[in-house]
Amino acid sequence: MTITEVSEKFDIPQDTLRYYERIGLIPRVNRNKSGIRDYSEEDCNWVEFIKCMRSAGLPIEVLIEYVELFQQGDATIEARKELLIEQRKQLIAKIEAMQKTLERLNYKIAVYEQVVVEKEKELKRSEN
């Protein structure tokens, strides 16, 4: 796949894909005879993985470390697993904090809705 196709498939700007490759966030992409990036299925899997992890808030530095460990081979399996476990813990904490925020927002919205209902009742009483 070309960079244009990958960009469209994953809704990631081409410049971002180039940046991800340049900083090591995705492994180096092979190029065709003309020097144009030729994304393989494995490359696309990396792009999808990085997009997913970034959308969950994982830092670029952590993901670069993960890619570097992956490229070192099976000797780093345990280190990669530990890195992912730590990120999962942090993500769970974020989700819990967001859930509390959502509950507070729901409460505030309910208060406003109740105020509107009371105001409507007052208007109806004053009209009668």
# chains A, B, ... in the order shown; residues from 1 in each chain; ligands from 1
call {"tool": "residues_around", "arguments": {"residues": "Cys44 in chain A", "least_positions_apart": "2", "cutoff": "10 Å", "atoms": "only C-alpha atoms", "output": "list of chain:residue names"}}
result
A:Met1, A:Val6, A:Lys9, A:Phe10, A:Ile26, A:Val29, A:Tyr39, A:Ser40, A:Glu41, A:Glu42, A:Trp46, A:Val47, A:Glu48, A:Phe49, A:Ile50
call {"tool": "residues_around", "arguments": {"residues": "Leu69 in chain A", "least_positions_apart": "6", "cutoff": "9 Å", "atoms": "only C-alpha atoms", "output": "JSON, numbers by chain"}}
result
{"A": [75, 76, 77, 79, 80]}
call {"tool": "residues_around", "arguments": {"residues": "range 84-98 of chain A", "least_positions_apart": "3", "cutoff": "10 Å", "atoms": "only C-alpha atoms", "output": "JSON, numbers by chain"}}
result
{"A": [53, 56, 57, 58, 59, 62, 63, 66, 78, 79, 80, 81, 101, 102, 103, 104]}
call {"tool": "write_last_selection", "arguments": {"atoms": "N, CA and C atoms", "output": "compact mmCIF listing (two decimals), in the first residue's frame"}}
result
# COMPACT_ATOMS: atom_id res chain seq x y z
N MET A 53 -3.31 2.73 20.46
CA MET A 53 -2.64 3.06 21.73
C MET A 53 -2.58 4.57 21.96
N ALA A 56 -5.83 5.95 23.08
CA ALA A 56 -6.07 5.63 24.49
C ALA A 56 -5.20 6.48 25.41
N GLY A 57 -4.32 7.27 24.82
CA GLY A 57 -3.52 8.19 25.63
C GLY A 57 -2.13 7.71 25.99
N LEU A 58 -1.68 6.59 25.43
CA LEU A 58 -0.33 6.12 25.75
C LEU A 58 0.69 7.10 25.17
N PRO A 59 1.70 7.43 25.96
CA PRO A 59 2.71 8.40 25.50
C PRO A 59 3.56 7.84 24.35
N VAL A 62 6.67 5.84 25.46
CA VAL A 62 6.42 4.45 25.87
C VAL A 62 6.27 3.56 24.65
N LEU A 63 5.58 4.06 23.65
CA LEU A 63 5.38 3.26 22.44
C LEU A 63 6.68 3.07 21.67
N TYR A 66 8.45 0.38 23.39
CA TYR A 66 7.85 -0.91 23.07
C TYR A 66 8.34 -1.41 21.70
N GLU A 78 9.14 -10.51 28.12
CA GLU A 78 8.73 -10.19 29.49
C GLU A 78 8.74 -8.67 29.72
N ALA A 79 9.75 -8.00 29.21
CA ALA A 79 9.84 -6.54 29.36
C ALA A 79 8.68 -5.85 28.64
N ARG A 80 8.33 -6.33 27.46
CA ARG A 80 7.20 -5.76 26.72
C ARG A 80 5.90 -5.98 27.47
N LYS A 81 5.75 -7.18 28.01
CA LYS A 81 4.54 -7.48 28.77
C LYS A 81 4.43 -6.56 29.98
N THR A 101 -15.91 11.87 36.60
CA THR A 101 -16.25 13.13 35.95
C THR A 101 -17.59 13.02 35.23
N LEU A 102 -17.81 11.91 34.55
CA LEU A 102 -19.08 11.68 33.86
C LEU A 102 -20.24 11.68 34.85
N GLU A 103 -20.06 11.03 35.98
CA GLU A 103 -21.11 11.01 36.99
C GLU A 103 -21.42 12.41 37.49
N ARG A 104 -20.38 13.21 37.68
CA ARG A 104 -20.59 14.58 38.14
C ARG A 104 -21.32 15.41 37.08
call {"tool": "select_by_dssp", "arguments": {"residues": "chain A", "states": "helix (DSSP H, G or I)", "output": "CSV table (one decimal) with C-alpha atoms, in the first residue's frame"}}
result
chain,number,residue,atom,x,y,z
A,3,ILE,CA,1.3,6.1,2.1
A,4,THR,CA,-1.8,7.8,0.6
A,5,GLU,CA,-3.8,4.5,0.9
A,6,VAL,CA,-2.6,3.9,4.5
A,7,SER,CA,-3.4,7.5,5.4
A,8,GLU,CA,-6.9,7.1,4.1
A,9,LYS,CA,-7.4,3.6,5.5
A,10,PHE,CA,-6.5,4.7,9.1
A,14,GLN,CA,0.7,11.4,5.7
A,15,ASP,CA,3.0,13.7,7.6
A,16,THR,CA,2.1,11.9,10.8
A,17,LEU,CA,2.9,8.5,9.2
A,18,ARG,CA,6.3,9.9,8.1
A,19,TYR,CA,6.9,11.3,11.6
A,20,TYR,CA,6.0,8.0,13.3
A,21,GLU,CA,8.5,6.2,11.1
A,22,ARG,CA,11.2,8.9,11.5
A,41,GLU,CA,0.2,-5.9,6.0
A,42,GLU,CA,2.6,-6.0,9.0
A,43,ASP,CA,3.4,-2.3,8.6
A,44,CYS,CA,-0.4,-1.6,8.5
A,45,ASN,CA,-0.8,-3.7,11.7
A,46,TRP,CA,1.8,-1.5,13.4
A,47,VAL,CA,0.0,1.7,12.2
A,48,GLU,CA,-3.3,0.3,13.6
A,49,PHE,CA,-1.7,-0.7,16.9
A,50,ILE,CA,0.0,2.7,17.3
A,51,LYS,CA,-3.2,4.6,16.4
A,52,CYS,CA,-5.2,2.6,19.0
A,53,MET,CA,-2.6,3.1,21.7
A,54,ARG,CA,-2.3,6.8,21.0
A,55,SER,CA,-6.1,7.3,21.1
A,60,ILE,CA,4.8,8.3,22.4
A,61,GLU,CA,7.9,7.6,24.4
A,62,VAL,CA,6.4,4.5,25.9
A,63,LEU,CA,5.4,3.3,22.4
A,64,ILE,CA,8.8,3.9,21.0
A,65,GLU,CA,10.3,1.9,23.8
A,66,TYR,CA,7.8,-0.9,23.1
A,67,VAL,CA,8.8,-0.9,19.4
A,68,GLU,CA,12.5,-0.9,20.2
A,69,LEU,CA,12.0,-3.9,22.6
A,70,PHE,CA,10.0,-5.7,19.9
A,71,GLN,CA,12.8,-5.2,17.4
A,74,ASP,CA,11.9,-12.7,22.0
A,75,ALA,CA,14.4,-12.0,24.7
A,76,THR,CA,12.3,-8.9,25.5
A,77,ILE,CA,8.9,-10.6,25.7
A,78,GLU,CA,8.7,-10.2,29.5
A,79,ALA,CA,9.8,-6.5,29.4
A,80,ARG,CA,7.2,-5.8,26.7
A,81,LYS,CA,4.5,-7.5,28.8
A,82,GLU,CA,5.5,-5.5,31.9
A,83,LEU,CA,5.4,-2.3,29.9
A,84,LEU,CA,1.9,-3.0,28.6
A,85,ILE,CA,0.7,-4.1,32.1
A,86,GLU,CA,1.9,-0.7,33.5
A,87,GLN,CA,0.2,1.2,30.8
A,88,ARG,CA,-3.0,-0.8,31.4
A,89,LYS,CA,-2.9,0.2,35.1
A,90,GLN,CA,-2.5,3.8,34.1
A,91,LEU,CA,-5.3,3.6,31.6
A,92,ILE,CA,-7.7,2.0,34.2
A,93,ALA,CA,-6.9,4.8,36.5
A,94,LYS,CA,-7.8,7.3,33.8
A,95,ILE,CA,-11.0,5.5,33.0
A,96,GLU,CA,-12.0,5.6,36.7
A,97,ALA,CA,-11.3,9.3,36.9
A,98,MET,CA,-13.3,9.9,33.7
A,99,GLN,CA,-16.2,7.8,35.0
A,100,LYS,CA,-16.3,10.1,38.2
A,101,THR,CA,-16.2,13.1,35.9
A,102,LEU,CA,-19.1,11.7,33.9
A,103,GLU,CA,-21.1,11.0,37.0
A,104,ARG,CA,-20.6,14.6,38.1
A,105,LEU,CA,-21.6,15.9,34.8
A,106,ASN,CA,-24.7,13.8,34.8
A,107,TYR,CA,-25.6,15.1,38.2
A,108,LYS,CA,-25.1,18.7,37.1
A,109,ILE,CA,-27.3,18.1,34.0
A,110,ALA,CA,-30.0,16.5,36.1
A,111,VAL,CA,-30.0,19.6,38.4
A,112,TYR,CA,-30.4,21.9,35.5
A,113,GLU,CA,-33.1,19.7,34.0
A,114,GLN,CA,-34.9,19.9,37.4
A,115,VAL,CA,-34.6,23.6,37.4
A,116,VAL,CA,-36.1,23.8,33.9
A,117,VAL,CA,-39.0,21.6,35.0
A,118,GLU,CA,-39.7,23.8,38.1
A,119,LYS,CA,-39.6,27.0,36.0
A,120,GLU,CA,-42.0,25.5,33.5
A,121,LYS,CA,-44.4,24.6,36.3
A,122,GLU,CA,-44.2,28.1,37.7
A,123,LEU,CA,-44.9,29.5,34.2
A,124,LYS,CA,-48.0,27.3,33.9
A,125,ARG,CA,-49.2,28.3,37.3
A,126,SER,CA,-48.7,32.0,36.5
A,127,GLU,CA,-50.6,31.6,33.2
call {"tool": "atom_distance", "arguments": {"atom1": "CA of Gln72 in chain A", "atom2": "CA of Lys33 in chain A"}}
result
27.9 Å
